[in-house]
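Undergrad: Below is upload_37.cif; it holds mmCIF, C-alpha atoms.
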```
data_entry
loop_
_atom_site.label_atom_id
_atom_site.label_comp_id
_atom_site.auth_asym_id
_atom_site.auth_seq_id
_atom_site.Cartn_x
_atom_site.Cartn_y
_atom_site.Cartn_z
CA MET B 3 -108.07 146.68 -43.05
CA THR B 4 -106.02 149.67 -44.20
CA VAL B 5 -107.16 153.27 -43.84
CA PHE B 6 -107.46 153.55 -47.61
CA GLN B 7 -109.76 150.54 -47.77
CA LEU B 8 -111.93 152.03 -45.04
CA LEU B 9 -112.20 155.35 -46.85
CA LEU B 10 -113.12 153.64 -50.10
CA ILE B 11 -115.84 151.59 -48.39
CA LEU B 12 -117.27 154.72 -46.76
CA GLY B 13 -117.26 156.46 -50.15
CA VAL B 14 -119.07 153.57 -51.85
CA VAL B 15 -121.68 153.33 -49.11
CA ALA B 16 -122.27 157.11 -49.24
CA ALA B 17 -122.67 157.06 -53.05
CA ALA B 18 -125.06 154.11 -52.84
CA LEU B 19 -127.15 155.92 -50.22
CA LEU B 20 -127.33 159.05 -52.38
CA VAL B 21 -128.36 157.04 -55.41
CA VAL B 22 -131.00 155.15 -53.49
CA ARG B 23 -132.54 158.32 -52.07
CA PHE B 24 -132.36 160.86 -54.89
CA LEU B 25 -132.92 158.97 -58.12
CA PRO B 26 -136.21 159.96 -59.82
CA GLY B 27 -138.52 157.56 -61.65
CA ASP B 28 -140.88 154.74 -60.62
CA ARG B 29 -140.34 151.21 -61.98
CA SER B 30 -136.83 151.95 -63.14
CA LEU B 31 -136.22 153.27 -59.66
CA ALA B 32 -136.50 149.82 -58.08
CA LEU B 33 -134.13 148.40 -60.65
CA LYS B 34 -131.66 151.22 -60.16
CA ARG B 35 -131.77 150.70 -56.41
CA ILE B 36 -131.14 146.99 -56.77
CA PHE B 37 -128.20 147.67 -59.04
CA ALA B 38 -126.86 150.26 -56.65
CA LEU B 39 -127.05 147.73 -53.81
CA ILE B 40 -125.35 145.01 -55.81
CA PHE B 41 -122.70 147.45 -56.91
CA ALA B 42 -122.13 148.62 -53.34
CA ILE B 43 -121.73 145.05 -52.10
CA ALA B 44 -119.43 144.13 -54.99
CA ALA B 45 -117.39 147.27 -54.43
CA VAL B 46 -116.99 146.58 -50.72
CA LEU B 47 -115.96 142.99 -51.47
CA ALA B 48 -113.48 144.17 -54.09
CA ILE B 49 -112.00 146.62 -51.64
CA LEU B 50 -111.71 144.01 -48.85
CA PHE B 51 -110.42 141.30 -51.16
CA PRO B 52 -108.38 142.98 -53.91
CA ASN B 53 -107.11 139.63 -55.16
CA MET B 54 -110.66 138.64 -55.99
CA LEU B 55 -110.79 141.35 -58.61
CA THR B 56 -107.54 140.13 -60.14
CA ALA B 57 -108.85 136.55 -60.17
CA ILE B 58 -112.00 137.60 -62.02
CA ALA B 59 -109.94 139.68 -64.45
CA GLN B 60 -107.70 136.79 -65.28
CA PHE B 61 -110.73 134.62 -65.82
CA PHE B 62 -111.67 137.04 -68.58
CA GLY B 63 -108.14 137.15 -69.95
CA ILE B 64 -107.40 140.65 -68.67
CA GLY B 65 -104.10 141.16 -66.87
CA ARG B 66 -104.98 143.12 -63.75
CA GLY B 67 -108.03 143.73 -61.57
CA ALA B 68 -107.55 147.44 -62.03
CA ASP B 69 -107.78 147.04 -65.80
CA LEU B 70 -111.07 145.15 -65.46
CA LEU B 71 -112.37 147.89 -63.25
CA LEU B 72 -111.36 150.49 -65.79
CA TYR B 73 -113.11 148.74 -68.66
CA VAL B 74 -116.29 148.24 -66.67
CA PHE B 75 -116.16 151.85 -65.60
CA ILE B 76 -115.78 153.12 -69.18
CA ILE B 77 -118.77 151.15 -70.36
CA ALA B 78 -120.87 152.23 -67.40
CA SER B 79 -119.85 155.82 -68.11
CA LEU B 80 -120.92 155.63 -71.75
CA LEU B 81 -124.27 154.09 -70.83
CA PHE B 82 -124.80 156.82 -68.30
CA SER B 83 -124.02 159.55 -70.85
CA VAL B 84 -126.45 158.17 -73.39
CA ALA B 85 -129.17 157.76 -70.78
CA THR B 86 -128.63 161.33 -69.62
CA VAL B 87 -128.74 162.84 -73.12
CA ARG B 88 -131.99 161.03 -73.84
CA ALA B 89 -133.45 162.03 -70.50
CA LYS B 90 -132.62 165.66 -71.24
CA ALA B 91 -134.29 165.41 -74.64
CA ARG B 92 -137.46 164.08 -73.01
CA SER B 93 -137.29 166.79 -70.39
CA ASP B 94 -136.90 169.50 -73.06
CA ALA B 95 -139.93 168.14 -74.87
CA ARG B 96 -141.98 168.44 -71.68
CA VAL B 97 -140.81 172.02 -71.19
CA THR B 98 -141.88 172.84 -74.75
CA GLU B 99 -145.34 171.40 -74.15
CA LEU B 100 -145.66 173.42 -71.00
CA ALA B 101 -144.46 176.69 -72.55
CA ARG B 102 -146.80 176.19 -75.52
CA SER B 103 -149.72 175.56 -73.20
CA VAL B 104 -149.00 178.77 -71.32
CA ALA B 105 -148.64 180.76 -74.54
CA LEU B 106 -151.94 179.51 -75.96
CA ILE B 107 -153.83 180.02 -72.71
CA GLU B 108 -152.51 183.56 -72.46
CA ALA B 109 -153.52 184.24 -76.07
CA ARG B 110 -157.05 182.92 -75.50
CA LEU B 111 -157.34 185.01 -72.37
CA SER B 112 -156.24 188.26 -73.97
CA GLU B 113 -158.50 187.66 -76.97
CA ALA B 114 -161.46 186.96 -74.71
CA GLN B 115 -160.73 190.19 -72.84
CA ALA B 116 -160.42 192.12 -76.07
CA ASP B 117 -163.76 190.73 -77.26
CA ASP B 118 -165.60 191.50 -74.05
CA PRO B 119 -167.01 195.01 -74.66
CA THR B 120 -167.77 195.74 -70.99
CA HIS B 121 -164.21 195.13 -69.92
CA LYS B 122 -162.30 198.16 -71.15
CA ASP B 123 -159.51 198.80 -68.69
CA LYS B 124 -158.11 196.51 -66.04
CA ASP B 125 -157.47 199.46 -63.74
CA GLU B 126 -161.03 200.67 -63.85
CA ASP B 127 -163.09 200.77 -60.69
CA ASP B 128 -164.46 197.32 -60.08
CA THR B 129 -167.96 198.34 -59.11
CA SER B 130 -169.59 198.00 -62.49
CA SER B 131 -172.45 195.53 -62.29
CA LYS B 132 -172.06 194.66 -65.95
CA ARG B 133 -168.62 193.22 -65.48
CA ASP B 134 -168.62 189.57 -66.54
CA HIS B 135 -165.64 187.46 -65.65
CA SER B 136 -166.51 184.35 -67.64
CA MET N 20 -147.89 192.18 -113.73
CA SER N 21 -145.46 194.29 -115.78
CA GLY N 22 -146.26 195.77 -119.16
CA MET N 23 -149.92 196.42 -118.30
CA THR N 24 -151.34 199.57 -119.83
CA ALA N 25 -153.21 201.59 -117.23
CA THR N 26 -156.62 201.92 -118.79
CA ARG N 27 -159.62 202.96 -116.70
CA ALA N 28 -160.82 199.36 -116.54
CA ASP N 29 -157.39 198.17 -115.46
CA GLN N 30 -157.29 200.80 -112.74
CA ALA N 31 -160.69 199.75 -111.45
CA ALA N 32 -159.63 196.11 -111.54
CA ALA N 33 -156.43 196.98 -109.71
CA LEU N 34 -158.51 198.47 -106.90
CA ALA N 35 -160.92 195.55 -106.54
CA PRO N 36 -158.73 192.42 -106.11
CA PRO N 37 -157.23 193.12 -102.64
CA ASP N 38 -160.59 193.06 -100.90
CA ALA N 39 -161.81 190.12 -102.91
CA THR N 40 -158.68 188.14 -102.10
CA ARG N 41 -158.98 189.03 -98.43
CA LEU N 42 -162.54 187.73 -98.37
CA ALA N 43 -161.63 184.63 -100.32
CA ASN N 44 -158.85 183.93 -97.81
CA ALA N 45 -161.06 184.33 -94.75
CA ASP N 46 -160.49 180.64 -94.02
CA ALA N 47 -156.73 180.95 -94.30
CA TRP N 48 -154.28 181.78 -91.54
CA VAL N 49 -150.74 182.99 -92.04
CA VAL N 50 -148.42 181.68 -89.33
CA ILE N 51 -145.23 183.63 -88.77
CA PRO N 52 -142.62 182.39 -86.28
CA LEU N 53 -141.05 185.55 -84.92
CA TYR N 54 -137.69 185.85 -83.23
CA ASN N 55 -136.01 189.23 -83.10
CA GLU N 56 -137.15 190.71 -86.39
CA ALA N 57 -138.42 193.99 -84.98
CA GLU N 58 -136.84 195.90 -87.84
CA VAL N 59 -138.87 194.31 -90.60
CA ILE N 60 -141.85 192.51 -89.06
CA GLY N 61 -144.07 195.59 -89.29
CA GLU N 62 -143.53 195.78 -93.05
CA VAL N 63 -144.00 192.06 -93.51
CA ILE N 64 -147.38 192.10 -91.76
CA ALA N 65 -148.51 195.24 -93.53
CA GLY N 66 -147.69 193.48 -96.77
CA LEU N 67 -149.81 190.47 -95.86
CA LEU N 68 -152.94 192.12 -94.46
CA PRO N 69 -154.40 193.34 -97.78
CA ASP N 70 -154.64 189.73 -98.92
CA PHE N 71 -154.82 187.78 -95.69
CA ALA N 72 -157.07 188.96 -92.88
CA ASN N 73 -155.83 186.31 -90.45
CA VAL N 74 -152.18 186.66 -89.55
CA VAL N 75 -150.70 185.27 -86.35
CA CYS N 76 -147.19 185.90 -85.14
CA ILE N 77 -145.69 183.46 -82.70
CA ASP N 78 -143.28 185.52 -80.68
CA ASP N 79 -140.64 183.00 -79.64
CA GLY N 80 -139.16 184.99 -76.77
CA SER N 81 -137.95 187.97 -78.78
CA SER N 82 -135.94 190.48 -76.82
CA ASP N 83 -136.31 193.37 -79.27
CA GLY N 84 -139.99 194.17 -78.79
CA GLY N 85 -140.93 192.68 -82.14
CA GLY N 86 -144.07 191.19 -80.64
CA VAL N 87 -145.47 194.59 -79.75
CA ILE N 88 -144.71 195.90 -83.23
CA ALA N 89 -146.40 192.90 -84.80
CA ARG N 90 -149.52 193.38 -82.74
CA ALA N 91 -149.60 197.09 -83.56
CA ALA N 92 -149.29 196.20 -87.24
CA GLY N 93 -152.49 194.18 -86.98
CA ALA N 94 -151.43 190.60 -86.41
CA SER N 95 -152.61 188.31 -83.64
CA ILE N 96 -149.88 187.42 -81.20
CA VAL N 97 -149.02 184.31 -79.25
CA SER N 98 -145.98 184.71 -77.04
CA HIS N 99 -143.80 181.85 -75.88
CA PRO N 100 -142.68 182.52 -72.32
CA ILE N 101 -139.21 181.25 -73.26
CA ASN N 102 -137.36 180.81 -76.51
CA LEU N 103 -138.11 177.36 -77.89
CA GLY N 104 -137.10 177.45 -81.55
CA GLN N 105 -138.67 177.91 -84.97
CA GLY N 106 -140.11 174.39 -85.10
CA ALA N 107 -141.82 174.84 -81.76
CA ALA N 108 -143.15 178.25 -82.82
CA LEU N 109 -144.64 176.77 -85.98
CA GLN N 110 -146.33 173.97 -84.02
CA THR N 111 -147.83 176.51 -81.63
CA GLY N 112 -149.05 178.48 -84.65
CA PHE N 113 -150.61 175.36 -86.16
CA GLU N 114 -152.53 174.60 -82.99
CA TYR N 115 -153.64 178.22 -82.70
CA ALA N 116 -154.87 178.36 -86.29
CA LEU N 117 -156.66 175.01 -86.18
CA GLU N 118 -158.37 176.08 -82.95
CA ARG N 119 -159.73 179.07 -84.82
CA GLY N 120 -161.10 177.02 -87.70
CA ALA N 121 -158.40 177.57 -90.29
CA LYS N 122 -158.84 175.65 -93.52
CA TYR N 123 -155.48 176.65 -94.98
CA VAL N 124 -152.37 177.55 -93.04
CA VAL N 125 -149.56 179.45 -94.73
CA THR N 126 -146.15 179.27 -93.07
CA PHE N 127 -144.33 182.53 -93.78
CA ASP N 128 -140.97 183.88 -92.67
CA ALA N 129 -140.70 187.00 -90.55
CA ASP N 130 -137.57 188.38 -92.18
CA GLY N 131 -139.06 189.55 -95.46
CA GLN N 132 -137.55 186.83 -97.58
CA HIS N 133 -140.93 185.57 -98.78
CA ARG N 134 -143.22 187.31 -101.21
CA VAL N 135 -146.90 187.76 -100.44
CA GLU N 136 -147.51 187.24 -104.15
CA ASP N 137 -146.19 183.69 -103.90
CA ALA N 138 -148.28 182.94 -100.81
CA LYS N 139 -151.39 184.19 -102.61
CA THR N 140 -150.80 182.09 -105.70
CA MET N 141 -150.03 179.01 -103.65
CA VAL N 142 -153.27 179.25 -101.67
CA ALA N 143 -155.22 179.85 -104.85
CA ARG N 144 -153.57 176.84 -106.43
CA ALA N 145 -154.38 174.68 -103.41
CA ARG N 146 -158.03 175.65 -103.72
CA GLU N 147 -158.20 175.16 -107.48
CA GLU N 148 -156.41 171.86 -107.66
CA ASP N 149 -157.75 170.47 -104.36
CA LEU N 150 -154.28 170.10 -102.90
CA ALA N 151 -153.64 169.43 -99.24
CA ILE N 152 -150.07 170.75 -99.36
CA VAL N 153 -148.20 173.19 -101.53
CA TYR N 154 -144.44 173.43 -100.98
CA GLY N 155 -142.64 176.51 -102.17
CA SER N 156 -139.45 175.79 -104.08
CA ARG N 157 -136.55 178.02 -104.96
CA PHE N 158 -135.21 175.61 -107.53
CA LEU N 159 -138.09 175.16 -109.93
CA ASP N 160 -137.02 178.24 -111.82
CA ASP N 161 -134.03 180.52 -111.89
CA ARG N 162 -135.36 183.57 -110.11
CA THR N 163 -133.75 182.91 -106.73
CA LYS N 164 -130.00 183.20 -106.52
CA PRO N 165 -128.54 181.63 -103.41
CA GLY N 166 -124.80 181.64 -102.89
CA PHE N 167 -122.74 178.72 -104.19
CA LEU N 168 -122.05 177.10 -100.80
CA LYS N 169 -125.63 177.58 -99.72
CA ARG N 170 -126.77 175.91 -102.89
CA ILE N 171 -124.68 172.84 -102.16
CA VAL N 172 -125.95 172.61 -98.59
CA LEU N 173 -129.57 172.96 -99.72
CA LYS N 174 -129.21 170.35 -102.43
CA THR N 175 -127.71 167.95 -99.89
CA ALA N 176 -130.59 168.57 -97.53
CA VAL N 177 -132.97 167.82 -100.38
CA ALA N 178 -131.19 164.57 -101.18
CA VAL N 179 -131.31 163.45 -97.54
CA THR N 180 -134.97 164.40 -97.21
CA ASN N 181 -135.93 162.61 -100.39
CA LEU N 182 -134.15 159.49 -99.17
CA THR N 183 -136.05 159.42 -95.90
CA THR N 184 -139.49 160.40 -97.16
CA ARG N 185 -141.70 159.36 -100.02
CA THR N 186 -141.65 162.81 -101.54
CA ARG N 187 -139.46 164.01 -104.38
CA LEU N 188 -138.99 167.68 -103.62
CA THR N 189 -136.54 170.10 -105.13
CA ASP N 190 -136.33 172.36 -102.07
CA ALA N 191 -136.50 170.71 -98.65
CA HIS N 192 -135.99 173.69 -96.39
CA ASN N 193 -138.30 176.34 -97.75
CA GLY N 194 -140.27 178.17 -95.10
CA LEU N 195 -143.13 179.06 -97.44
CA ARG N 196 -145.77 176.33 -97.42
CA VAL N 197 -149.52 176.05 -97.64
CA ILE N 198 -151.05 173.24 -95.60
CA ARG N 199 -154.73 172.35 -95.48
CA ASN N 200 -156.34 171.49 -92.17
CA ASP N 201 -156.85 167.79 -92.93
CA ALA N 202 -153.11 167.37 -93.50
CA LEU N 203 -152.17 169.72 -90.66
CA ARG N 204 -153.99 167.61 -88.12
CA HIS N 205 -151.40 164.90 -88.71
CA VAL N 206 -148.52 167.24 -88.01
CA LYS N 207 -147.06 167.28 -84.51
CA LEU N 208 -143.62 168.82 -84.68
CA LYS N 209 -141.28 167.54 -82.01
CA GLN N 210 -138.14 169.09 -83.46
CA ASP N 211 -138.08 172.45 -81.74
CA ARG N 212 -135.18 173.92 -83.62
CA MET N 213 -134.17 173.89 -87.28
CA ALA N 214 -134.64 170.21 -88.02
CA HIS N 215 -138.41 170.80 -88.23
CA GLY N 216 -138.09 171.42 -91.97
CA THR N 217 -137.45 167.78 -92.66
CA GLU N 218 -139.75 166.55 -89.88
CA ILE N 219 -142.74 168.37 -91.32
CA ILE N 220 -142.15 166.87 -94.75
CA VAL N 221 -141.88 163.39 -93.25
CA GLN N 222 -145.14 163.79 -91.31
CA LEU N 223 -146.99 165.29 -94.26
CA SER N 224 -145.77 162.59 -96.62
CA ARG N 225 -147.27 159.97 -94.31
CA THR N 226 -150.73 161.46 -94.82
CA LYS N 227 -150.49 160.51 -98.52
CA LEU N 228 -152.58 163.56 -99.34
CA PRO N 229 -152.13 165.33 -102.69
CA TYR N 230 -149.33 167.87 -102.77
CA ALA N 231 -147.44 169.99 -105.27
CA GLU N 232 -144.38 172.17 -105.49
CA HIS N 233 -144.74 175.73 -106.60
CA PRO N 234 -141.95 178.04 -107.78
CA VAL N 235 -141.31 180.91 -105.42
CA GLU N 236 -138.82 183.69 -105.31
CA VAL N 237 -136.86 184.17 -102.11
CA LEU N 238 -135.53 187.68 -101.62
CA TYR N 239 -132.03 187.57 -100.19
CA THR N 240 -131.98 191.14 -98.97
CA ASP N 241 -128.93 192.50 -97.20
CA TYR N 242 -130.88 192.35 -93.97
CA SER N 243 -131.83 188.71 -94.29
CA LYS N 244 -128.44 187.67 -95.60
CA ALA N 245 -126.82 189.16 -92.51
CA LYS N 246 -129.10 187.11 -90.29
CA GLY N 247 -129.46 184.02 -92.45
CA GLN N 248 -129.27 180.49 -91.17
CA SER N 249 -125.57 179.86 -90.93
CA LEU N 250 -124.17 176.94 -92.82
CA LEU N 251 -122.82 175.57 -89.55
CA ASN N 252 -126.41 175.14 -88.49
CA SER N 253 -126.76 172.50 -91.17
CA VAL N 254 -124.53 170.32 -89.03
CA ASN N 255 -126.93 170.79 -86.15
CA ILE N 256 -129.89 169.91 -88.32
CA LEU N 257 -128.32 166.67 -89.51
CA ILE N 258 -127.38 165.63 -85.99
CA ASP N 259 -130.80 166.56 -84.59
CA LEU N 260 -132.37 164.28 -87.15
CA ILE N 261 -130.17 161.34 -86.24
CA ILE N 262 -130.21 161.61 -82.46
CA ARG N 263 -133.93 162.07 -82.01
#
```
Please, can you express the file's structure as structure tokens?
TA:
Amino acid sequence: MTVFQLLLILGVVAAALLVVRFLPGDRSLALKRIFALIFAIAAVLAILFPNMLTAIAQFFGIGRGADLLLYVFIIASLLFSVATVRAKARSDARVTELARSVALIEARLSEAQADDPTHKDKDEDDTSSKRDHS
Amino acid sequence: MSGMTATRADQAAALAPPDATRLANADAWVVIPLYNEAEVIGEVIAGLLPDFANVVCIDDGSSDGGGVIARAAGASIVSHPINLGQGAALQTGFEYALERGAKYVVTFDADGQHRVEDAKTMVARAREEDLAIVYGSRFLDDRTKPGFLKRIVLKTAVAVTNLTTRTRLTDAHNGLRVIRNDALRHVKLKQDRMAHGTEIIVQLSRTKLPYAEHPVEVLYTDYSKAKGQSLLNSVNILIDLIIR
């Protein structure tokens, strides 16, 4: 095994570990972890047996293993981008719901305070027996 | 209202309507999305209050203190903790108004482009003709004069909207609308930014409730023209609608 191969394997294993530990989600999480594992194993195999990649590529009619890798990588990249954009859109929607909730709660609160005739000034001495914090 | 001779009776009549309208519109709420319009929002609200007792401004994270001015002018205020966009502000306003028992909600711009007169007539028309929705339109008559480019963009927006909804409107992105509570309950705007104009028409058209278009005049003052929705934004709107 060359030094380069060793470094690549270490890199793949590290990336797989990161993915397995820090990816959010529930059901999709299991799937993502399985894929990460499969990918890690395939990557290690491809690094140890570079000719294997070339053999697979030629099976598909592509010249070199590196080319196959590139194509697969491009597609994976595009899928990732789309998934990320959609995830951000969902996340933004949740933030909006949250911000709206806060705004409406605050409005209700300040209107309730304005309506309550015994509650004139927040800084007033808090000993009044009529004070009603409903 | 021009050409009226000021007889005693006319003068008395001129004094009476504001209060009567205000009372008649006790079940109506004006919803104004507010983002950095401190300069004119005071005037806008002062112009509405004689005819509409219930005005709520949704302060969408303004940084110019417009919210305080609006409250001082007599409007209710709901403040978004962060800037979300005009669509989000409208949705917040809808929920606020429905919570307070609104029967009619009037969406009204904060920059002084809309006329209170038009809002009044549209609400009255909704009551008279039992309409669930009244859309304001700049293109039913010739009073409004948008620029040439703007005209093209607006007409394109109309064409796209008409293709995707069952409605046949002449002005798809007019901020002046009257929506009755039964129709409003079916509206849940998810488009936070400017694509809400089309989204609201789509959702309202699904209710199949009676609607009408009413001619309105939009005042392109120097102030509002300087701030107006840039034409580039139209690109954003189109894309927002496609990539939901």
Undergrad: Report as a ChimeraX atom specification the set of chain B residues whose atoms approach chain N to within 12 Å, with distances computed over all atoms listed in the file.
TA: /B:84,87-92,94-113,116
Undergrad: What does the distance between atom CA of Asp38 of chain N and atom CA of Leu238 of chain N come to in Å, to one decimal place?
TA: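 The value is 25.6 Å.
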Undergrad: Please provide as a short mmCIF file (atom, residue, chain, number, x, y, z; two decimals) with C-alpha atoms, in the frame of the given file all residues within 9 Å of Leu159 of chain N, with the sequence filter that same-chain residues fewer than 3 positions apart are discarded (counting only C-alpha atoms).
TA:
```cif
data_model
loop_
_atom_site.label_atom_id
_atom_site.label_comp_id
_atom_site.auth_asym_id
_atom_site.auth_seq_id
_atom_site.Cartn_x
_atom_site.Cartn_y
_atom_site.Cartn_z
CA SER N 156 -139.45 175.79 -104.08
CA ARG N 162 -135.36 183.57 -110.11
CA THR N 189 -136.54 170.10 -105.13
CA ASP N 190 -136.33 172.36 -102.07
CA GLU N 232 -144.38 172.17 -105.49
CA HIS N 233 -144.74 175.73 -106.60
CA PRO N 234 -141.95 178.04 -107.78
CA VAL N 235 -141.31 180.91 -105.42
#
```
Undergrad: Nearest to Asp137 of chain N: which of N:Lys174, N:Arg196, N:Arg90, N:Arg185 is it, counting all atoms listed in the file?
TA: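 With all atoms listed in the file as the atom set, the closest residue is N:Arg196.
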Undergrad: Could you check which of N:Arg134, N:Val177, N:Glu236, N:Ala47 is closest to Ile64 of chain N, using all atoms listed in the file?
TA: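 Distance minimum relative to Ile64 of chain N lands on N:Arg134.
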